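Engineer: I'm passing along data_30.txt; it holds compact mmCIF, C-alpha atoms.
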# COMPACT_ATOMS: atom_id res chain seq x y z
CA MET E 1 0.00 0.00 0.00
CA THR E 2 1.42 3.38 -0.98
CA GLY E 3 1.50 6.31 1.42
CA ARG E 4 -1.31 7.99 -0.53
CA ASP E 5 -3.46 4.84 -0.42
CA LYS E 6 -2.87 4.54 3.32
CA LEU E 7 -3.88 8.17 3.90
CA GLN E 8 -6.98 7.69 1.70
CA LEU E 9 -7.95 4.65 3.79
CA CYS E 10 -7.44 6.62 7.03
CA TYR E 11 -9.65 9.45 5.73
CA GLU E 12 -12.31 6.92 4.77
CA LEU E 13 -12.17 5.24 8.19
CA ALA E 14 -12.37 8.65 9.84
CA PHE E 15 -15.07 10.29 7.73
CA PHE E 16 -16.94 7.77 5.54
CA PRO E 17 -19.46 5.72 7.58
CA PRO E 18 -19.86 2.82 5.11
CA ARG E 19 -16.09 2.17 5.19
CA LEU E 20 -16.01 2.30 8.99
CA ASN E 21 -19.03 0.01 9.27
CA ASN E 22 -17.38 -2.48 6.91
CA PHE E 23 -14.18 -2.32 8.97
CA TRP E 24 -16.15 -2.93 12.18
CA ALA E 25 -17.86 -5.95 10.62
CA ARG E 26 -14.43 -7.37 9.76
CA VAL E 27 -13.26 -6.77 13.35
CA LYS E 28 -16.36 -8.50 14.78
CA SER E 29 -15.89 -11.50 12.50
CA GLY E 30 -12.27 -11.85 13.61
CA GLU E 31 -10.91 -11.13 10.13
CA VAL E 32 -9.13 -8.00 11.45
CA THR E 33 -7.02 -8.17 14.61
CA ALA E 34 -4.93 -5.66 16.54
CA THR E 35 -1.79 -5.77 14.42
CA ALA E 36 0.57 -2.79 14.43
CA ASP E 37 -0.73 -1.71 10.99
CA VAL E 38 -4.38 -1.83 12.08
CA VAL E 39 -3.68 0.14 15.26
CA GLU E 40 -1.75 2.72 13.23
CA LEU E 41 -4.67 3.13 10.80
CA LEU E 42 -7.10 3.63 13.68
CA ASP E 43 -4.74 6.09 15.41
CA ILE E 44 -4.36 8.17 12.25
CA ALA E 45 -8.14 8.09 11.68
CA LEU E 46 -8.64 9.36 15.25
CA GLN E 47 -5.93 11.99 14.83
CA LEU E 48 -7.89 13.38 11.87
CA HIS E 49 -10.73 14.21 14.29
CA GLN E 50 -8.53 16.26 16.63
CA ALA E 51 -7.96 20.03 16.69
CA LEU E 52 -6.76 21.50 13.41
CA PRO E 53 -3.06 22.35 13.20
CA GLU E 54 -1.82 25.91 13.48
CA GLY E 55 0.67 25.43 10.66
CA GLY E 56 2.56 22.96 8.54
CA TYR E 57 -0.44 21.87 6.46
CA ALA E 58 -0.53 21.51 2.68
CA SER E 59 -3.10 24.15 1.71
CA GLN E 60 -5.92 26.28 3.01
CA ARG E 61 -8.35 24.33 0.84
CA ALA E 62 -7.23 21.05 2.42
CA LEU E 63 -7.62 22.54 5.90
CA ARG E 64 -11.16 23.72 5.10
CA ARG E 65 -12.08 20.33 3.66
CA LEU E 66 -10.80 18.56 6.79
CA ALA E 67 -12.78 20.96 9.00
CA CYS E 68 -15.95 20.21 7.00
CA TYR E 69 -15.31 16.47 7.24
CA GLN E 70 -14.86 16.80 10.99
CA ALA E 71 -18.11 18.72 11.36
CA ASP E 72 -20.11 16.32 9.18
CA ALA E 73 -18.71 13.24 10.94
CA ARG E 74 -20.04 14.42 14.30
CA ALA E 75 -23.57 13.62 13.12
CA PHE E 76 -22.49 9.97 12.83
CA ASN E 77 -20.52 9.83 16.14
CA MET E 78 -17.51 8.61 14.19
CA PRO E 79 -14.81 9.64 16.72
CA ARG E 80 -16.57 7.63 19.44
CA PHE E 81 -17.02 4.69 17.09
CA LEU E 82 -13.27 4.71 16.31
CA ARG E 83 -12.41 4.83 20.01
CA ASN E 84 -14.80 1.95 20.71
CA ILE E 85 -13.22 -0.15 17.94
CA ARG E 86 -9.77 0.51 19.43
CA THR E 87 -11.06 -0.53 22.85
CA SER E 88 -12.61 -3.72 21.48
CA LEU E 89 -9.24 -4.61 19.93
CA GLY E 90 -7.55 -4.10 23.31
CA CYS E 91 -5.58 -1.02 22.28
CA PRO E 92 -4.37 1.44 24.92
CA PRO E 93 -6.37 4.69 25.29
CA PHE E 94 -5.87 7.26 22.54
CA LEU E 95 -4.03 10.39 23.66
CA PRO E 96 -5.45 13.43 21.83
CA SER E 97 -3.17 15.91 20.14
CA PRO E 98 -3.67 18.33 17.22
CA VAL E 99 -3.83 16.89 13.72
CA PRO E 100 -0.27 16.68 12.36
CA GLY E 101 0.10 19.09 9.43
CA ASN E 102 1.31 16.33 7.12
CA LEU E 103 -2.09 14.58 7.44
CA VAL E 104 -3.99 17.61 6.13
CA ARG E 105 -4.44 16.75 2.47
CA ASP E 106 -7.13 17.59 -0.05
CA ILE E 107 -8.63 14.11 -0.20
CA GLY E 108 -12.06 13.74 -1.73
CA LEU E 109 -14.68 11.43 -0.23
CA PRO E 110 -18.29 10.73 -1.13
CA ALA E 111 -20.74 13.10 0.52
CA LEU E 112 -22.06 12.10 3.95
CA SER E 113 -25.80 11.79 4.30
CA HIS E 114 -28.30 10.12 6.58
CA HIS E 115 -30.41 9.38 3.51
CA PRO E 116 -29.22 7.77 0.27
CA PRO E 117 -29.73 9.78 -2.89
CA SER E 118 -33.27 9.38 -4.12
CA GLU E 119 -33.67 7.15 -7.10
CA LYS E 120 -35.33 8.44 -10.22
CA PRO E 121 -38.70 6.81 -10.84
CA GLN E 122 -38.67 4.39 -13.77
CA LYS E 123 -40.77 5.23 -16.76
CA GLY E 124 -42.84 2.56 -17.93
Represent the structure of the file as structure tokens.
Structural biologist:
Amino acid sequence: MTGRDKLQLCYELAFFPPRLNNFWARVKSGEVTATADVVELLDIALQLHQALPEGGYASQRALRRLACYQADARAFNMPRFLRNIRTSLGCPPFLPSPVPGNLVRDIGLPALSHHPPSEKPQKG
């Protein structure tokens, strides 16, 4: 997995509910265990929910996008869900700190919504 792919996966775990739900299902089934790589992914995903950095980030646009992702994810209780997954894997408590500037990237994700997009009625 490349660094970019890893960061994309962390953003999806942090801010895209379907990806996190799929990950949780894999944890519950025993397919995913508390390896160093898994714990690192969860830690980075949780870091993305912390206070925004004061400097060292890639761009203002990336910082705004991260702030919007953080705000939208609160409706889905995603930070708590990530902490609960870490706990279920037996990981030590997460120590909060600001988001490292190198994690602030302009990564696009599908829009969050409580309701799926409405389907167009079929003509017929």
Engineer: Restricting the calculation to all atoms listed in the file, which member of E:Leu95, E:Ala34, E:Leu41, E:Ile85 is positioned closest to Asp5 (chain E)?
Structural biologist: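 The shortest atom-to-atom distance to Asp5 (chain E) comes from E:Leu41.
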Engineer: In Å, how far is it from CA of Ser59 (chain E) to CA of Val104 (chain E)?
Structural biologist: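 CA of Val104 (chain E) lies 7.9 Å from CA of Ser59 (chain E).
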Engineer: Around region 34-46 of chain E, with edges along x, y and z and 4 Å added on all six sides, what centre and edge lengths do you get, in Å to one decimal, as lines of an AutoDock Vina configuration file?
Structural biologist:
center_x = -4.0
center_y = 1.8
center_z = 13.7
size_x = 17.2
size_y = 23.1
size_z = 13.7
Engineer: Is it possible to get the residues within 10 Å of (-6.7, 5.0, 12.1) (coordinates as in the file, counting all atoms listed in the file) written as a compact mmCIF listing (two decimals) with C-alpha atoms, keeping the file's coordinate frame?
Structural biologist:
# COMPACT_ATOMS: atom_id res chain seq x y z
CA LYS E 6 -2.87 4.54 3.32
CA LEU E 7 -3.88 8.17 3.90
CA LEU E 9 -7.95 4.65 3.79
CA CYS E 10 -7.44 6.62 7.03
CA TYR E 11 -9.65 9.45 5.73
CA GLU E 12 -12.31 6.92 4.77
CA LEU E 13 -12.17 5.24 8.19
CA ALA E 14 -12.37 8.65 9.84
CA ASP E 37 -0.73 -1.71 10.99
CA VAL E 38 -4.38 -1.83 12.08
CA VAL E 39 -3.68 0.14 15.26
CA GLU E 40 -1.75 2.72 13.23
CA LEU E 41 -4.67 3.13 10.80
CA LEU E 42 -7.10 3.63 13.68
CA ASP E 43 -4.74 6.09 15.41
CA ILE E 44 -4.36 8.17 12.25
CA ALA E 45 -8.14 8.09 11.68
CA LEU E 46 -8.64 9.36 15.25
CA GLN E 47 -5.93 11.99 14.83
CA LEU E 48 -7.89 13.38 11.87
CA LEU E 82 -13.27 4.71 16.31
CA ARG E 83 -12.41 4.83 20.01
CA ARG E 86 -9.77 0.51 19.43
Engineer: Please check which residues have atoms at most 10 Å from (-17.6, 12.7, 13.6) in the file's coordinates, counting all atoms listed in the file, and write them as a list of chain:residue names.
Structural biologist: E:Ala14, E:Phe15, E:Phe16, E:Pro17, E:Leu46, E:Leu48, E:His49, E:Tyr69, E:Gln70, E:Ala71, E:Asp72, E:Ala73, E:Arg74, E:Ala75, E:Phe76, E:Asn77, E:Met78, E:Pro79, E:Arg80, E:Phe81, E:Leu82
Engineer: For the atom pair CA of Ala51 (chain E) and CA of Phe94 (chain E), what is the interatomic distance in Å to one decimal place?
Structural biologist: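 Here the two named atoms are 14.2 Å from each other.
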Engineer: From the set E:Gln60, E:Asn84, E:Gln50, E:Asn21, which residue has the shortest atom-to-atom contact distance to Ser97 (chain E), counting all atoms listed in the file?
Structural biologist: E:Gln50
Engineer: Between CA of Tyr57 (chain E) and CA of Leu103 (chain E), what is the spacing in Å?
Structural biologist: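 Between CA of Leu103 (chain E) and CA of Tyr57 (chain E) the gap is 7.5 Å.
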Engineer: Which residues, written as a PyMOL selection string, have at least one atom at most 10 Å from Val32 (chain E), with all atoms listed in the file counted and residues fewer than 6 positions away on the same chain left out?
Structural biologist: chain E and resi 23-26+38+89
